[in-house]
Amino acid sequence: MTTFWDILHLLTATPLVPVAILGLTWGILGGALPGISASITMALVLPFTYTMDPAMAIALLACVYIGAEYGGSIPAILIRTPGTNSSAATVIDGYELNRQGRAGEALGISLMSGVVGSLFGLAMLALLTEPLSWLALAFKPTSYFALGILGLSVIASMGGDSLLKGLASAVVGLMIATVGTDPISGVTRFTFDVADLLSGVEPVVVMVGLFALTELMSQSGSTSVTQLGGSIRIRLPGWAMMRKLRRSQAIGCFLGLFEGLTPGGGGSVAAFMSYNEARRWSKTPEQFGKGSEEGIAAPEAANNTVASTALIPLLSFGIPSSNSTAVLLGGLLMHGLLPGPRLFEQNPQVIDSLYVGSLIAIIAQIGVGVLILPACIWLVNRPRPYRAGFILALILSGLFTLNNSPFDLGLALALGLMGYLMRLARFPVLPMILGVVLGHMVESSYRRSLVLSGGDFHIFIEDPIAVGLLGAALFFIVFSLAREYRDARRTQLQETHS
Amino acid sequence: MKRDFLSGGVLIALAAAYYIATGTIAESTLSDEIGATGLPRLLAMLLAFIGLALIARTAFVALAARRANVPQIPAEEEEGAPLPRAVGLLLIGGAYVLLLPFLGYFLSVALLIGAVAFYEGAARSWVLPTAALGGATLYWAIFVKLLGVHQPAGSLFQGWLS
């Protein structure tokens, strides 16, 4: 049980406050750059956390996530280009308000709705995570194997336009996870006498390669010019405006909670759903699309709620539901921390730092959000070629800090190419990352189960939790196949009629 | 359509190569029922099956479209940079990795920033080397001096900038 003194200790005897503010600042700046998503912003900072205290590292990553969700709304409102996917819904009314000369007001509504959403999400995170994690105590190796399979199936079936491609991506991720030393017998696999591969492929290298380098390669040669006006000042909404926005913010918070808990949901789905619901419940639905304040408040509250509630399945069961939470899981594993009830028992300081750090970041967001806007505008206005150079240098310098090995850099570059080719062939990368991250758990649980049963596969159907989870995995796969079949039929019918 | 056929073929080839590579895994006396090769072989077969299913599905869709006399849908326009352009950026990154032990961190990172900026369309002016050297100084200060990361000093200058 965390006491007031524990919190006081965190605030006074650890660098949590500067870490939270630093993470928040980095998150806002990264999120504000078009093309740099919240997960990329987190992946860029991940190598830096390698040498940090685990509690501070995890708090830093969570604060980056919070900051990036707000940062993404800055270019969405000012230049009609969402900085992150989840701020795409903010473009609709945010940019309209900007065109009416009310950009400062739009940014203020986005900021305060984000704060409301984040506070609600954090409260839900603190309330729900630990009780849910105790369920995991009833888990046996068979249940953990089934949980890993469920996580992979959900992400593979929800991530892209083809289930087969999602599954292929997940299998390749599991294959990458088999590189290195076998978790049971200790023999080496697929190392080809390369010493750097003995301990396997670091998930951080995979994430940086597939998220950040792939994005950089995809944007190469782009001639799009983004120019923001430099004289914009944020105008925070007054009480009257906050009262007007409370319904749309509540819708955003509720849907953000729901989507955060749903694997594959994510901030962008929550933002669009809450935008639609806010319009449906609004007293002035006709204003939506023409510069409605509620049209900014609902999606911003929703995507900021998701930034906290998406951590609930991650911390309880170790199942990331989005790119950003996959990066956070990578951070936990990098520091030898396994999500679940043991994390709460054995490393309470990590959980406390995460909660308190997030709270600091949310409160500081009001001040930092206002102060950092000129820096965001300056950064977004830098010529893209220089930005690309600085980002690639940051990626490669940061990766070197992991093991002081140029091998990691070469591997990340190769994975960047792989991610680029996957994007060309329309394969989602998230299932692959999850395969790498969950591979060890899936394989060791699978083999431990069979060791316990003496090789009898019936052990998987004797555990009711495993049966339930594997049944759910099967449901997601069948549901996804049915959806694909229905979509294909519909397209075919439309084409025949036309 | 062609892309999915090709993807299916690549998946099958990858599965075959991976399956063959499982032959290099040594047997251990500590091995369990499944063994160190058990899961990899299962994964290889699963990937090959997915590859085949992708090819079969693509063929089925093409056949159904032909039977229904549906006109060919033009290929969707590619998002992002074309492959040679993107690979060029990767090669600059590769050159950085190769030069790092020789030139050391400071010079390599300056060249990296300059080369990428130039490749991405920065004009030839005094801004380019200034930004490259300024960026290198910034990163050197952050990584080497502030964070204490042992970035390669480089054999060329015998660690002059370490």
# chains A, B, ... in the order shown; residues from 1 in each chain; ligands from 1
>>> closest_atom_pairs(of="chain B", to="chain A", cutoff="7 Å", atoms="only C-alpha atoms", output="tab-separated table")
residue	atom	partner	partner_atom	distance
B:Arg3	CA	A:Ala425	CA	6.3
B:Ser7	CA	A:Ala425	CA	7.0
B:Ala21	CA	A:Phe190	CA	6.9
B:Ile25	CA	A:Arg189	CA	5.5
B:Ala26	CA	A:Val187	CA	6.7
B:Ser28	CA	A:Ser185	CA	6.4
B:Leu30	CA	A:Ser185	CA	5.2
B:Ser31	CA	A:Ser185	CA	5.1
B:Asp32	CA	A:Val451	CA	6.4
B:Glu33	CA	A:Gly455	CA	5.8
B:Ile34	CA	A:Arg447	CA	6.6
B:Ala36	CA	A:Asp182	CA	6.2
B:Pro40	CA	A:Met175	CA	6.7
B:Leu43	CA	A:Val171	CA	6.4
B:Leu47	CA	A:Ala168	CA	6.1
B:Ile50	CA	A:Leu164	CA	6.3
B:Leu54	CA	A:Leu164	CA	6.6
B:Val70	CA	A:Thr496	CA	6.3
B:Gly80	CA	A:Ser218	CA	4.5
B:Ala81	CA	A:Ser218	CA	4.8
B:Arg85	CA	A:Ser220	CA	6.7
B:Ala86	CA	A:Met217	CA	4.7
B:Leu89	CA	A:Met217	CA	6.6
B:Leu90	CA	A:Leu413	CA	6.5
B:Gly94	CA	A:Gly410	CA	6.8
B:Val97	CA	A:Pro406	CA	6.2
B:Val109	CA	A:Ala393	CA	6.3
B:Leu112	CA	A:Ala393	CA	6.7
B:Ile113	CA	A:Gly389	CA	4.3
B:Gly114	CA	A:Gly389	CA	6.9
B:Val116	CA	A:Gly389	CA	4.9
B:Ala117	CA	A:Pro385	CA	4.4
B:Glu120	CA	A:Pro385	CA	4.7
B:Gly121	CA	A:Pro385	CA	6.0
B:Ala122	CA	A:Pro385	CA	5.7
B:Gly135	CA	A:Phe390	CA	7.0
B:Val149	CA	A:Thr401	CA	6.2
>>> atom_distance(atom1="CA of Thr262 in chain A", atom2="CA of Arg489 in chain A")
27.6 Å
>>> residues_around(residues="Gly51 in chain B", least_positions_apart="4", cutoff="6 Å", atoms="only C-alpha atoms", output="list in words")
Gly8, Leu11 and Ile12 of chain B
>>> residues_around(residues="Met1 in chain B", least_positions_apart="6", cutoff="9 Å", atoms="only C-alpha atoms", output="short mmCIF file (atom, residue, chain, number, x, y, z; two decimals) with C-alpha atoms, in the first residue's frame")
data_model
loop_
_atom_site.label_atom_id
_atom_site.label_comp_id
_atom_site.auth_asym_id
_atom_site.auth_seq_id
_atom_site.Cartn_x
_atom_site.Cartn_y
_atom_site.Cartn_z
CA THR B 58 -5.33 -13.86 -54.28
CA ALA B 59 -5.84 -16.41 -57.06
CA VAL B 61 -10.23 -13.29 -55.91
CA ALA B 62 -8.65 -12.84 -59.38
CA ALA B 75 -3.18 -0.49 -58.55
#
>>> closest_residue(among="B:Gly104, B:Ala136, B:Tyr119, B:Thr29", to="Val87 in chain B", atoms="only C-alpha atoms")
B:Tyr119
>>> closest_residue(among="A:Leu137, A:Ala123, A:Val115, A:Val154", to="Ala361 in chain A", atoms="only C-alpha atoms")
A:Val115
>>> closest_residue(among="B:Leu83, B:Leu100, B:Ala131, B:Ile20", to="Gln151 in chain B", atoms="only C-alpha atoms")
B:Leu100
>>> residues_around(residues="range 457-470 of chain A", least_positions_apart="3", cutoff="12 Å", atoms="only C-alpha atoms", output="VMD selection string")
(chain A and resid 135 to 154 445 to 454 473 to 477) or (chain B and resid 33 to 34)
>>> write_last_selection(atoms="N, CA and C atoms", output="mmCIF file, in the first residue's frame")
data_model
loop_
_atom_site.group_PDB
_atom_site.id
_atom_site.type_symbol
_atom_site.label_atom_id
_atom_site.label_comp_id
_atom_site.auth_asym_id
_atom_site.auth_seq_id
_atom_site.Cartn_x
_atom_site.Cartn_y
_atom_site.Cartn_z
ATOM 1 N N LEU A 135 -5.960 -11.268 -10.971
ATOM 2 C CA LEU A 135 -6.499 -12.393 -11.737
ATOM 3 C C LEU A 135 -5.364 -13.249 -12.300
ATOM 4 N N ALA A 136 -4.282 -12.547 -12.633
ATOM 5 C CA ALA A 136 -3.158 -13.239 -13.254
ATOM 6 C C ALA A 136 -2.490 -14.227 -12.295
ATOM 7 N N LEU A 137 -2.778 -14.120 -10.985
ATOM 8 C CA LEU A 137 -2.186 -15.068 -10.025
ATOM 9 C C LEU A 137 -2.703 -16.484 -10.259
ATOM 10 N N ALA A 138 -3.923 -16.566 -10.815
ATOM 11 C CA ALA A 138 -4.500 -17.889 -11.076
ATOM 12 C C ALA A 138 -3.944 -18.492 -12.373
ATOM 13 N N PHE A 139 -3.066 -17.746 -13.038
ATOM 14 C CA PHE A 139 -2.547 -18.196 -14.330
ATOM 15 C C PHE A 139 -1.463 -19.261 -14.153
ATOM 16 N N LYS A 140 -1.566 -20.301 -14.977
ATOM 17 C CA LYS A 140 -0.529 -21.339 -15.033
ATOM 18 C C LYS A 140 0.263 -21.110 -16.330
ATOM 19 N N PRO A 141 1.328 -21.887 -16.567
ATOM 20 C CA PRO A 141 2.046 -21.710 -17.840
ATOM 21 C C PRO A 141 1.124 -21.845 -19.062
ATOM 22 N N THR A 142 0.130 -22.755 -18.964
ATOM 23 C CA THR A 142 -0.803 -22.920 -20.091
ATOM 24 C C THR A 142 -1.600 -21.632 -20.332
ATOM 25 N N SER A 143 -1.998 -20.965 -19.224
ATOM 26 C CA SER A 143 -2.769 -19.724 -19.349
ATOM 27 C C SER A 143 -1.899 -18.626 -19.979
ATOM 28 N N TYR A 144 -0.629 -18.569 -19.548
ATOM 29 C CA TYR A 144 0.250 -17.535 -20.120
ATOM 30 C C TYR A 144 0.466 -17.760 -21.612
ATOM 31 N N PHE A 145 0.595 -19.045 -21.985
ATOM 32 C CA PHE A 145 0.744 -19.352 -23.413
ATOM 33 C C PHE A 145 -0.506 -18.877 -24.170
ATOM 34 N N ALA A 146 -1.672 -19.202 -23.604
ATOM 35 C CA ALA A 146 -2.933 -18.820 -24.258
ATOM 36 C C ALA A 146 -3.082 -17.300 -24.304
ATOM 37 N N LEU A 147 -2.632 -16.628 -23.246
ATOM 38 C CA LEU A 147 -2.716 -15.162 -23.208
ATOM 39 C C LEU A 147 -1.865 -14.541 -24.318
ATOM 40 N N GLY A 148 -0.659 -15.085 -24.482
ATOM 41 C CA GLY A 148 0.227 -14.598 -25.551
ATOM 42 C C GLY A 148 -0.410 -14.804 -26.914
ATOM 43 N N ILE A 149 -1.016 -15.978 -27.118
ATOM 44 C CA ILE A 149 -1.663 -16.279 -28.404
ATOM 45 C C ILE A 149 -2.855 -15.331 -28.620
ATOM 46 N N LEU A 150 -3.603 -15.068 -27.534
ATOM 47 C CA LEU A 150 -4.746 -14.142 -27.652
ATOM 48 C C LEU A 150 -4.267 -12.746 -28.061
ATOM 49 N N GLY A 151 -3.223 -12.258 -27.374
ATOM 50 C CA GLY A 151 -2.689 -10.925 -27.687
ATOM 51 C C GLY A 151 -2.270 -10.830 -29.142
ATOM 52 N N LEU A 152 -1.562 -11.865 -29.619
ATOM 53 C CA LEU A 152 -1.092 -11.852 -31.008
ATOM 54 C C LEU A 152 -2.262 -11.938 -31.990
ATOM 55 N N SER A 153 -3.257 -12.786 -31.671
ATOM 56 C CA SER A 153 -4.391 -12.931 -32.600
ATOM 57 C C SER A 153 -5.205 -11.652 -32.694
ATOM 58 N N VAL A 154 -5.406 -11.012 -31.540
ATOM 59 C CA VAL A 154 -6.207 -9.780 -31.544
ATOM 60 C C VAL A 154 -5.523 -8.720 -32.383
ATOM 61 N N SER A 445 6.289 -20.630 -21.926
ATOM 62 C CA SER A 445 5.061 -21.147 -21.306
ATOM 63 C C SER A 445 4.593 -22.421 -22.012
ATOM 64 N N TYR A 446 4.696 -22.402 -23.333
ATOM 65 C CA TYR A 446 4.285 -23.561 -24.136
ATOM 66 C C TYR A 446 5.111 -24.794 -23.751
ATOM 67 N N ARG A 447 6.418 -24.594 -23.661
ATOM 68 C CA ARG A 447 7.289 -25.744 -23.382
ATOM 69 C C ARG A 447 7.220 -26.174 -21.929
ATOM 70 N N ARG A 448 7.059 -25.206 -21.018
ATOM 71 C CA ARG A 448 6.928 -25.575 -19.597
ATOM 72 C C ARG A 448 5.652 -26.392 -19.395
ATOM 73 N N SER A 449 4.588 -25.987 -20.098
ATOM 74 C CA SER A 449 3.320 -26.722 -19.982
ATOM 75 C C SER A 449 3.524 -28.175 -20.396
ATOM 76 N N LEU A 450 4.251 -28.361 -21.497
ATOM 77 C CA LEU A 450 4.441 -29.729 -21.997
ATOM 78 C C LEU A 450 5.426 -30.523 -21.138
ATOM 79 N N VAL A 451 6.348 -29.826 -20.505
ATOM 80 C CA VAL A 451 7.243 -30.509 -19.550
ATOM 81 C C VAL A 451 6.401 -31.023 -18.381
ATOM 82 N N LEU A 452 5.467 -30.172 -17.897
ATOM 83 C CA LEU A 452 4.603 -30.549 -16.762
ATOM 84 C C LEU A 452 3.710 -31.737 -17.104
ATOM 85 N N SER A 453 3.247 -31.782 -18.361
ATOM 86 C CA SER A 453 2.313 -32.838 -18.741
ATOM 87 C C SER A 453 3.023 -34.047 -19.345
ATOM 88 N N GLY A 454 4.336 -33.992 -19.430
ATOM 89 C CA GLY A 454 5.077 -35.103 -20.043
ATOM 90 C C GLY A 454 4.795 -35.208 -21.534
ATOM 91 N N ALA A 473 -9.269 -16.100 -28.707
ATOM 92 C CA ALA A 473 -8.350 -15.898 -29.837
ATOM 93 C C ALA A 473 -8.989 -16.422 -31.127
ATOM 94 N N LEU A 474 -9.595 -17.591 -31.018
ATOM 95 C CA LEU A 474 -10.258 -18.192 -32.178
ATOM 96 C C LEU A 474 -11.426 -17.314 -32.645
ATOM 97 N N PHE A 475 -12.162 -16.766 -31.662
ATOM 98 C CA PHE A 475 -13.281 -15.890 -31.999
ATOM 99 C C PHE A 475 -12.794 -14.689 -32.813
ATOM 100 N N PHE A 476 -11.703 -14.051 -32.359
ATOM 101 C CA PHE A 476 -11.184 -12.877 -33.057
ATOM 102 C C PHE A 476 -10.771 -13.233 -34.484
ATOM 103 N N ILE A 477 -10.164 -14.406 -34.644
ATOM 104 C CA ILE A 477 -9.705 -14.812 -35.980
ATOM 105 C C ILE A 477 -10.916 -15.066 -36.894
ATOM 106 N N GLU B 33 10.627 -32.145 -24.045
ATOM 107 C CA GLU B 33 9.890 -32.931 -25.043
ATOM 108 C C GLU B 33 9.896 -32.265 -26.416
ATOM 109 N N ILE B 34 9.786 -30.964 -26.412
ATOM 110 C CA ILE B 34 9.676 -30.220 -27.677
ATOM 111 C C ILE B 34 11.056 -29.960 -28.272
#
>>> closest_residue(among="B:Ala13, B:Ala68, B:Phe106, B:Leu42", to="Val144 in chain B", atoms="only C-alpha atoms")
B:Phe106
>>> closest_residue(among="B:Ile55, B:Thr37, B:Leu46, B:Tyr19", to="Phe5 in chain B", atoms="only C-alpha atoms")
B:Ile55
>>> select_by_dssp(residues="range 171-251 of chain A", states="alpha helix (DSSP H)", output="ChimeraX atom specification")
/A:171-177,203-207,214-219,239-251
>>> residues_around(residues="Phe118 in chain B", least_positions_apart="5", cutoff="8 Å", atoms="only C-alpha atoms", output="short mmCIF file (atom, residue, chain, number, x, y, z; two decimals) with N, CA and C atoms, in the first residue's frame")
data_model
loop_
_atom_site.label_atom_id
_atom_site.label_comp_id
_atom_site.auth_asym_id
_atom_site.auth_seq_id
_atom_site.Cartn_x
_atom_site.Cartn_y
_atom_site.Cartn_z
N PRO A 385 14.56 18.56 -44.68
CA PRO A 385 15.83 17.83 -44.85
C PRO A 385 16.70 17.85 -43.59
N ALA B 123 19.67 22.95 -49.62
CA ALA B 123 20.47 23.69 -50.62
C ALA B 123 21.93 23.73 -50.21
N ARG B 124 22.83 23.83 -51.25
CA ARG B 124 24.27 23.94 -50.96
C ARG B 124 24.54 25.36 -50.50
N LEU B 128 24.36 24.36 -44.51
CA LEU B 128 24.49 22.90 -44.47
C LEU B 128 25.65 22.47 -43.55
#
>>> decode(residues="range 21-51 of chain B", atoms="C-alpha atoms", output="mmCIF file, in the first residue's frame")
data_model
loop_
_atom_site.group_PDB
_atom_site.id
_atom_site.type_symbol
_atom_site.label_atom_id
_atom_site.label_comp_id
_atom_site.auth_asym_id
_atom_site.auth_seq_id
_atom_site.Cartn_x
_atom_site.Cartn_y
_atom_site.Cartn_z
ATOM 1 C CA ALA B 21 18.401 -23.130 -40.595
ATOM 2 C CA THR B 22 16.825 -25.098 -37.721
ATOM 3 C CA GLY B 23 19.193 -27.900 -38.832
ATOM 4 C CA THR B 24 22.086 -25.877 -37.405
ATOM 5 C CA ILE B 25 20.618 -25.973 -33.865
ATOM 6 C CA ALA B 26 22.596 -28.343 -31.664
ATOM 7 C CA GLU B 27 20.881 -31.087 -29.640
ATOM 8 C CA SER B 28 21.111 -30.612 -25.882
ATOM 9 C CA THR B 29 21.031 -33.250 -23.151
ATOM 10 C CA LEU B 30 18.932 -30.769 -21.142
ATOM 11 C CA SER B 31 16.321 -30.695 -23.892
ATOM 12 C CA ASP B 32 12.604 -31.071 -23.079
ATOM 13 C CA GLU B 33 9.890 -32.931 -25.043
ATOM 14 C CA ILE B 34 9.676 -30.220 -27.677
ATOM 15 C CA GLY B 35 13.358 -29.315 -27.887
ATOM 16 C CA ALA B 36 15.024 -26.156 -29.112
ATOM 17 C CA THR B 37 13.932 -26.887 -32.692
ATOM 18 C CA GLY B 38 10.279 -27.667 -31.869
ATOM 19 C CA LEU B 39 8.731 -24.205 -31.963
ATOM 20 C CA PRO B 40 10.920 -22.861 -34.803
ATOM 21 C CA ARG B 41 9.868 -25.778 -37.035
ATOM 22 C CA LEU B 42 6.225 -25.246 -36.123
ATOM 23 C CA LEU B 43 6.557 -21.535 -36.938
ATOM 24 C CA ALA B 44 8.212 -22.298 -40.285
ATOM 25 C CA MET B 45 5.327 -24.609 -41.244
ATOM 26 C CA LEU B 46 2.763 -22.057 -40.079
ATOM 27 C CA LEU B 47 4.402 -19.296 -42.128
ATOM 28 C CA ALA B 48 4.533 -21.511 -45.220
ATOM 29 C CA PHE B 49 0.829 -22.307 -44.749
ATOM 30 C CA ILE B 50 -0.005 -18.579 -44.438
ATOM 31 C CA GLY B 51 2.026 -17.880 -47.598
#
